[in-house]
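Source file: work.txt. Holds: compact mmCIF, C-alpha atoms.
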# COMPACT_ATOMS: atom_id res chain seq x y z
CA MET A 112 102.64 102.42 134.54
CA GLU A 113 100.69 99.93 132.41
CA THR A 114 102.58 97.77 129.92
CA HIS A 115 100.97 99.50 126.93
CA GLU A 116 102.10 102.93 128.13
CA VAL A 117 105.62 101.63 128.73
CA LEU A 118 105.69 100.30 125.16
CA LYS A 119 104.56 103.68 123.82
CA GLU A 120 107.39 105.38 125.70
CA THR A 121 110.05 102.92 124.58
CA THR A 122 108.94 103.16 120.93
CA ALA A 123 108.76 106.98 120.88
CA VAL A 124 110.39 109.20 118.23
CA ARG A 125 113.95 110.33 118.97
CA PRO A 126 114.87 113.75 117.52
CA PRO A 127 116.73 115.07 115.67
CA VAL A 128 116.34 113.88 112.09
CA GLN A 129 119.49 112.37 110.59
CA GLU A 130 120.72 112.57 106.98
CA PRO A 131 122.55 109.25 106.45
CA LEU A 132 122.65 109.72 102.66
CA PRO A 133 122.49 112.94 100.61
CA GLY A 134 118.85 113.96 100.35
CA VAL A 135 117.67 111.05 102.52
CA PHE A 136 116.42 112.01 105.96
CA ALA A 137 115.61 109.48 108.68
CA SER A 138 113.32 109.97 111.67
CA LEU A 139 114.07 107.26 114.20
CA ALA A 140 111.89 105.54 116.78
CA LEU A 141 111.52 101.76 117.13
CA GLU A 142 110.78 102.17 113.41
CA THR A 143 112.47 104.38 110.81
CA VAL A 144 110.50 106.77 108.61
CA TYR A 145 112.26 108.33 105.62
CA TYR A 146 111.79 111.66 103.85
CA ILE A 147 113.50 111.55 100.44
CA ARG A 148 114.13 114.72 98.48
CA CYS A 149 113.35 114.49 94.78
CA ALA A 150 114.72 117.87 93.63
CA ASP A 151 111.92 120.30 94.60
CA ARG A 152 109.54 117.47 95.53
CA ALA A 153 109.71 114.62 98.08
CA VAL A 154 108.27 111.28 99.16
CA LEU A 155 107.75 109.72 102.57
CA VAL A 156 108.55 106.07 103.15
CA ASP A 157 106.13 104.66 105.77
CA THR A 158 104.61 106.66 108.64
CA GLY A 159 105.36 104.66 111.81
CA PHE A 160 103.00 103.79 114.65
CA PHE A 161 99.87 105.92 114.97
CA HIS A 162 101.17 107.39 118.24
CA ASN A 163 104.44 108.36 116.50
CA ALA A 164 103.10 109.66 113.17
CA ASP A 165 102.76 113.35 114.08
CA ALA A 166 106.07 113.28 115.95
CA HIS A 167 107.84 111.94 112.85
CA LEU A 168 106.32 114.74 110.77
CA ALA A 169 107.29 117.33 113.39
CA ASN A 170 110.81 115.89 113.38
CA PHE A 171 111.08 116.48 109.64
CA GLU A 172 109.66 119.99 109.90
CA SER A 173 112.16 120.82 112.65
CA ALA A 174 114.90 119.91 110.17
CA GLY A 175 113.49 122.44 107.70
CA LEU A 176 111.87 119.85 105.44
CA SER A 177 108.59 120.92 103.86
CA LEU A 178 105.64 118.54 104.16
CA LYS A 179 103.93 120.47 101.36
CA CYS A 180 106.50 118.99 98.96
CA VAL A 181 105.51 115.38 99.73
CA ASP A 182 103.93 113.82 96.65
CA ALA A 183 103.27 110.32 98.04
CA ILE A 184 103.71 107.88 100.90
CA LEU A 185 105.54 104.75 99.74
CA THR A 186 104.73 101.78 101.98
CA THR A 187 107.21 98.97 102.57
CA HIS A 188 104.65 96.63 104.20
CA TYR A 189 101.51 96.68 106.30
CA HIS A 190 102.77 96.19 109.87
CA VAL A 191 101.54 98.51 112.62
CA ASP A 192 104.99 99.78 113.58
CA HIS A 193 105.52 101.05 110.04
CA ASN A 194 102.06 102.13 108.90
CA GLY A 195 99.71 102.26 111.88
CA GLY A 196 99.64 106.02 111.26
CA LEU A 197 99.10 105.75 107.49
CA ALA A 198 95.44 106.83 107.35
CA HIS A 199 96.16 109.80 109.62
CA VAL A 200 99.17 111.01 107.60
CA ARG A 201 97.38 110.51 104.28
CA GLN A 202 94.53 112.69 105.50
CA ARG A 203 96.83 115.29 107.03
CA LEU A 204 99.12 115.67 104.00
CA GLY A 205 96.55 115.02 101.29
CA CYS A 206 98.95 112.83 99.32
CA PRO A 207 98.43 109.41 97.75
CA VAL A 208 99.40 106.09 99.34
CA VAL A 209 101.43 103.65 97.22
CA THR A 210 101.17 99.97 98.14
CA HIS A 211 101.98 96.59 96.58
CA LYS A 212 98.92 94.64 95.48
CA ASN A 213 99.53 91.94 98.12
CA SER A 214 99.29 94.53 100.92
CA VAL A 215 96.16 96.35 99.78
CA ALA A 216 93.57 94.27 101.65
CA ALA A 217 95.42 94.37 104.98
CA ILE A 218 96.00 98.13 104.78
CA GLN A 219 92.48 98.99 103.68
CA GLU A 220 90.76 96.68 106.15
CA GLY A 221 93.18 97.26 109.04
CA ASP A 222 93.09 93.61 110.13
CA ARG A 223 94.53 93.71 113.64
CA ILE A 224 96.22 90.31 113.56
CA ILE A 225 97.69 90.42 110.05
CA THR A 226 99.05 93.92 110.65
CA ALA A 227 100.44 92.89 114.09
CA ALA A 228 98.44 95.68 115.72
CA GLU A 229 97.28 93.03 118.17
CA MET A 230 99.61 90.26 119.32
CA PRO A 231 97.84 88.43 122.18
CA PHE A 232 101.00 86.51 123.05
CA LEU A 233 102.85 89.78 123.82
CA GLN A 234 101.58 91.45 127.00
CA GLY A 235 100.43 95.00 126.36
CA TRP A 236 101.05 94.92 122.60
CA SER A 237 97.89 96.55 121.26
CA PHE A 238 98.07 99.61 119.03
CA PRO A 239 95.62 101.56 116.82
CA TYR A 240 95.43 100.67 113.14
CA THR A 241 92.79 102.46 111.10
CA GLY A 242 92.11 101.06 107.65
CA CYS A 243 93.50 103.36 104.97
CA PRO A 244 92.49 103.82 101.32
CA VAL A 245 95.17 102.87 98.80
CA ASP A 246 95.57 105.27 95.88
CA GLU A 247 98.22 103.58 93.75
CA VAL A 248 98.58 99.78 93.59
CA VAL A 249 102.00 98.70 92.32
CA GLU A 250 103.79 95.53 91.31
CA ALA A 251 107.36 94.56 90.51
CA GLY A 252 108.88 96.58 87.69
CA ASP A 253 106.55 99.57 87.96
CA LYS A 254 108.21 102.99 88.06
CA LEU A 255 107.23 105.89 90.30
CA VAL A 256 108.18 109.42 89.29
CA ALA A 257 108.39 112.17 91.93
CA GLY A 258 110.00 115.42 90.89
CA SER A 259 113.25 114.51 89.14
CA THR A 260 113.53 111.06 90.76
CA THR A 261 112.35 107.73 89.38
CA PHE A 262 111.90 104.80 91.78
CA THR A 263 111.65 101.23 90.50
CA VAL A 264 109.42 98.87 92.47
CA PHE A 265 110.90 95.57 93.69
CA HIS A 266 108.65 92.88 95.16
CA LEU A 267 110.57 91.33 98.09
CA PRO A 268 108.19 88.98 99.92
CA GLY A 269 109.20 86.75 102.79
CA HIS A 270 108.62 88.83 105.90
CA THR A 271 105.12 89.52 104.53
CA PRO A 272 103.64 88.62 101.11
CA GLY A 273 103.66 92.27 99.99
CA CYS A 274 107.03 93.53 101.21
CA THR A 275 108.15 96.15 98.73
CA GLY A 276 111.48 97.71 97.86
CA TYR A 277 112.01 100.98 95.98
CA HIS A 278 115.24 101.39 94.03
CA TRP A 279 116.79 104.65 92.85
CA GLU A 280 120.34 105.83 92.15
CA GLY A 281 121.83 102.59 93.47
CA ASN A 282 119.90 102.67 96.76
CA LEU A 283 117.20 100.18 97.75
CA ILE A 284 114.58 100.82 100.41
CA SER A 285 114.34 97.34 101.88
CA GLY A 286 111.88 97.65 104.78
CA ASP A 287 111.96 94.67 107.14
CA VAL A 288 113.27 92.26 104.50
CA VAL A 289 116.87 92.10 105.68
CA PHE A 290 119.17 93.87 108.14
CA PRO A 291 122.95 94.30 108.53
CA GLY A 292 124.87 91.05 108.30
CA GLY A 293 121.91 89.29 106.65
CA THR A 294 119.68 89.20 109.74
CA LEU A 295 116.03 88.51 108.91
CA GLY A 296 113.00 90.33 110.26
CA TRP A 297 110.40 88.69 112.51
CA TYR A 298 108.68 85.76 110.77
CA ASP A 299 105.19 84.71 111.82
CA VAL A 300 102.46 82.60 110.28
CA HIS A 301 99.87 85.22 111.31
CA TRP A 302 101.10 87.67 108.69
CA GLY A 303 102.03 85.19 105.96
CA SER A 304 105.81 84.99 106.27
CA ASN A 305 107.45 82.48 103.95
CA TYR A 306 111.08 81.32 103.84
CA LEU A 307 111.05 80.24 100.19
CA ASP A 308 109.87 83.73 99.26
CA THR A 309 112.78 85.14 101.23
CA CYS A 310 115.30 83.04 99.29
CA ASP A 311 113.87 84.35 96.01
CA ALA A 312 113.84 87.94 97.30
CA MET A 313 117.48 87.66 98.35
CA LYS A 314 118.36 86.44 94.84
CA ARG A 315 116.69 89.58 93.42
CA ILE A 316 118.70 91.78 95.78
CA GLU A 317 121.89 89.88 94.95
CA ASP A 318 121.28 90.35 91.22
CA LEU A 319 120.54 94.05 91.74
CA ALA A 320 123.65 94.57 93.91
CA PRO A 321 122.58 97.95 95.33
CA LYS A 322 125.10 100.30 96.88
CA CYS A 323 123.04 100.79 100.00
CA LEU A 324 120.03 99.25 101.76
CA LEU A 325 117.56 101.39 103.69
CA PRO A 326 115.82 99.24 106.32
CA SER A 327 112.67 100.19 108.24
CA HIS A 328 114.53 99.86 111.54
CA LEU A 329 117.85 101.58 112.27
CA LEU A 330 119.83 103.46 109.59
CA PRO A 331 120.90 102.68 106.01
CA PHE A 332 123.90 100.40 105.58
CA ALA A 333 126.29 99.49 102.75
CA TYR A 334 125.28 96.39 100.83
CA GLU A 335 127.68 93.47 100.62
CA PRO A 336 126.94 90.18 98.79
CA SER A 337 127.20 88.40 102.15
CA VAL A 338 124.02 90.20 103.28
CA ALA A 339 121.80 88.38 100.77
CA GLN A 340 123.78 85.15 101.06
CA ASN A 341 123.57 85.04 104.87
CA ALA A 342 119.84 85.82 104.77
CA SER A 343 119.22 82.98 102.32
CA THR A 344 121.28 80.61 104.45
CA ALA A 345 119.27 81.58 107.53
CA ALA A 346 115.97 81.02 105.69
CA GLN A 347 117.10 77.65 104.38
CA ALA A 348 118.23 76.62 107.86
CA MET A 349 114.76 77.39 109.23
CA MET A 350 113.19 75.16 106.57
CA GLU A 351 115.41 72.18 107.36
CA GLY A 352 113.39 69.72 109.38
CA ASN A 353 110.60 72.31 109.55
CA LYS A 354 112.51 74.31 112.17
CA GLY A 355 110.42 77.33 111.21
CA GLY A 356 107.25 75.61 112.39
CA PRO A 357 103.99 76.70 110.73
CA VAL A 358 105.78 79.33 108.63
CA CYS A 359 107.26 76.46 106.61
CA PHE A 360 103.76 75.65 105.36
CA THR A 361 102.40 79.10 104.47
CA CYS A 362 101.39 79.88 100.89
CA ARG A 363 103.85 81.51 98.52
CA ALA A 364 103.26 85.19 97.77
CA PRO A 365 101.47 85.86 94.45
CA LEU A 366 103.89 87.36 91.92
CA ARG A 367 103.33 89.68 89.01
CA ASP A 368 101.82 88.11 85.92
CA ALA A 369 104.76 87.62 83.55
CA ALA A 370 102.67 88.99 80.68
CA ALA A 371 101.79 92.21 82.51
CA VAL A 372 103.44 95.38 81.26
CA PRO A 373 105.12 97.53 83.94
CA ARG A 374 103.60 100.97 84.39
CA THR A 375 105.09 104.41 84.95
CA ILE A 376 103.17 106.37 87.57
CA HIS A 377 103.66 110.11 87.96
CA LEU A 378 102.99 110.90 91.59
CA ARG A 379 100.90 113.95 92.37
CA PRO A 380 99.58 115.23 95.69
CA HIS A 381 95.81 115.11 96.16
CA ARG A 382 95.50 118.71 97.38

Mind converting the file's structure to C-alpha cells?
Amino acid sequence: METHEVLKETTAVRPPVQEPLPGVFASLALETVYYIRCADRAVLVDTGFFHNADAHLANFESAGLSLKCVDAILTTHYHVDHNGGLAHVRQRLGCPVVTHKNSVAAIQEGDRIITAAEMPFLQGWSFPYTGCPVDEVVEAGDKLVAGSTTFTVFHLPGHTPGCTGYHWEGNLISGDVVFPGGTLGWYDVHWGSNYLDTCDAMKRIEDLAPKCLLPSHLLPFAYEPSVAQNASTAAQAMMEGNKGGPVCFTCRAPLRDAAAVPRTIHLRPHR
C-alpha cells in the first residue's frame, strides 16, 4: 500500500461520537470535529480532512444529531487536517463559514504549503484542499449567536497567525493552540508560527481561566493555570538562543485595531 493510502487509513474517523461535555459532541480521527448544541440549533467546529468530512457528518447523524440544525461552521485555523473538507461541508450543509481575518486568505485560496496540505519533507503527506469562501470574518471580542448560545471570539495566534478560540459558558475551543499539560502544537515557519504570539495567547487564556479547553486533537480537558504557564515556558525556551530556528524570526500576527468596536453576529444557515 502506498504511503498516502496508509496515512488516509491511520487518520480515518473512529465511531462512535462521544459527548465529553453536556451538549458537546466529538467525532474523533487524527483530528477532532465538534458538534455543539445551542438549544434547538447547533454549530460545527472545523470539518477535518477532506477524506474524513463526510464520515464525521455521518458519525454525528448516527448519534441522532441533526445536520439541518447547524447554523455555521466555526474554524479554529486553516490547516488541512482541520479544514481540508471545509468547502465540501459548506456546500453540503448550506451554512456559513466563520473565520478569523488572518485566516481568510489561506482558506479562500487553499494555499497548499500554508495550509500544510503539502509537506514535501513528509513522505506521502499530500491531501486535497479546495479553497473555500468565507462568509463571516471575525476578530477578537466579536460575539456569535446561534440559537440560545453566545460565543465570544478569542484571537490566539502562535501555532498560526489566525488561530481562533470560541468561549461560551466557561468553555474555550482552543484548536491546536495548547494541549494537556501545556504541550504546544506543531510550529513551522511555512505557516507563520510565532513563539512571542504564543506567550501573549497564553496570557489571554490565563486571564480568562476557562473551566475546560476543547482542543482540535483528542478530547476536552480541564484547564489548570499550569497549562498556560507551561506553554509559555516552552515557547520562551524555544526562543532562547534561537532554538526555534526560523520560527524565531517570523512576523507577529496582526491584532485587532484597538479602536474597532466588537460586533455581534447572528448566525443563520444559507438554505

Of the candidates A:Thr260, A:Asn353, A:Ser304, A:Thr361, which one gets nearest to A:Ala150 if we count only C-alpha atoms? A:Thr260

So that each row is one residue of stretch 266-332 of chain A with an atom at most 10 Å from stretch 230-250 of chain A, can you give its shortest atom pair and the distance in Å to one decimal, using all atoms listed in the file, rows by chain and rising number, as a tab-separated table?
residue	atom	partner	partner_atom	distance
A:His266	CA	A:Glu250	CA	6.7
A:Gly273	CA	A:Glu250	CA	9.3
A:Thr275	CA	A:Glu250	CA	8.6
A:His301	CA	A:Met230	CA	9.5

Which residues come within 7 Å of stretch 119-128 of chain A, counting all atoms listed in the file, excluding same-chain residues fewer than 3 positions away, as an MDAnalysis selection string? chainID A and resid 115:116 136:141 163 166:167 170:171 174

Rank nothing, just name the residue among A:Gly293, A:Pro326, A:Gly269, A:Pro336 nearest to A:Asp157, using only C-alpha atoms.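 Answer, going by the shortest atom-to-atom distance: A:Pro326.
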
Distance criterion (only C-alpha atoms): nearest to A:Glu220 out of A:Ser173, A:Thr186, A:Ala198, A:Val156: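 With only C-alpha atoms as the atom set, the closest residue is A:Ala198.
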
Please determine, counting all atoms listed in the file, which residue among A:Pro357, A:Gly205, A:Pro321, A:Gly195 has the shortest atom-to-atom distance to A:Ile218.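 The answer is A:Gly195, which sits nearest to A:Ile218.
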
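Using all atoms listed in the file for every distance, the candidate list A:Met349, A:Leu325, A:Leu176, A:Val300 yields A:Val300 as the residue closest to A:Pro272.
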
Using all atoms listed in the file, the shortest atom-to-atom distance to A:His211 among A:Ile184, A:Ala251, A:Leu132, A:Val288 belongs to A:Ala251

If we count all atoms listed in the file, what is near A:Cys274 at a cut-off of 6 Å, once residues fewer than 3 positions away on the same chain are taken out, given as JSON, numbers by chain? {"A": [187, 188, 267, 268, 271]}

Go ahead and compute the interatomic distance for atom CA of A:Arg379 and atom CA of A:Ala183, in Å to one decimal.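 So the answer is 7.1 Å.
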
Every residue with an atom at most 12 Å from (126.5, 88.1, 92.7) (file coordinates; all atoms listed in the file) is what I'm after, so could you write them as a PyMOL selection string? chain A and resi 313-321+334-340

Straight-line distance linking atom CA of A:Val135 with atom CA of A:Thr226, stated in Å to one decimal: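 Separating atom CA of A:Val135 from atom CA of A:Thr226 is a distance of 26.6 Å.
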
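Atom to atom, atom CA of A:Leu324 and atom CA of A:Cys362 stand 26.9 Å apart.
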
I'd like the contact shell of A:Phe262 - 9 Å cut-off, all atoms listed in the file, skipping same-chain residues fewer than 3 positions apart - returned as JSON, numbers by chain. {"A": [253, 254, 255, 256, 257, 277, 278, 279, 280]}

Given the selection you just returned, output its residues as a file containing C-alpha atoms, formatted as a PDB file, keeping the file's coordinate frame.
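Saved to result_20.pdb:
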ATOM      1  CA  ASP A 253     106.550  99.570  87.960  1.00  0.00           C
ATOM      2  CA  LYS A 254     108.210 102.990  88.060  1.00  0.00           C
ATOM      3  CA  LEU A 255     107.230 105.890  90.300  1.00  0.00           C
ATOM      4  CA  VAL A 256     108.180 109.420  89.290  1.00  0.00           C
ATOM      5  CA  ALA A 257     108.390 112.170  91.930  1.00  0.00           C
ATOM      6  CA  TYR A 277     112.010 100.980  95.980  1.00  0.00           C
ATOM      7  CA  HIS A 278     115.240 101.390  94.030  1.00  0.00           C
ATOM      8  CA  TRP A 279     116.790 104.650  92.850  1.00  0.00           C
ATOM      9  CA  GLU A 280     120.340 105.830  92.150  1.00  0.00           C
TER      10      GLU A 280
END

Given 4 Å of margin on each side, can you work out the centre and size in Å (one decimal) of an axis-aligned box holding every listed atom of stretch 321-325 of chain A, as JSON?
{"center_x": 121.3, "center_y": 99.7, "center_z": 99.5, "size_x": 15.5, "size_y": 11.4, "size_z": 16.4}

May I have the residues within 7 Å of A:Ile147 as an mmCIF file with C-alpha atoms, in the coordinates of the input, using all atoms listed in the file and disregarding those fewer than 2 positions away in the same chain?
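Contents of selection.cif, freshly written:
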data_model
loop_
_atom_site.group_PDB
_atom_site.id
_atom_site.type_symbol
_atom_site.label_atom_id
_atom_site.label_comp_id
_atom_site.auth_asym_id
_atom_site.auth_seq_id
_atom_site.Cartn_x
_atom_site.Cartn_y
_atom_site.Cartn_z
ATOM 1 C CA GLY A 134 118.850 113.960 100.350
ATOM 2 C CA VAL A 135 117.670 111.050 102.520
ATOM 3 C CA PHE A 136 116.420 112.010 105.960
ATOM 4 C CA TYR A 145 112.260 108.330 105.620
ATOM 5 C CA CYS A 149 113.350 114.490 94.780
ATOM 6 C CA ALA A 153 109.710 114.620 98.080
ATOM 7 C CA VAL A 154 108.270 111.280 99.160
ATOM 8 C CA LEU A 155 107.750 109.720 102.570
#

Skipping near chain neighbours, those fewer than 3 positions away, what residues fall within 8 Å of A:Leu197 using all atoms listed in the file, listed as a PyMOL selection string? chain A and resi 157-159+161+164+194+200-201+241+243
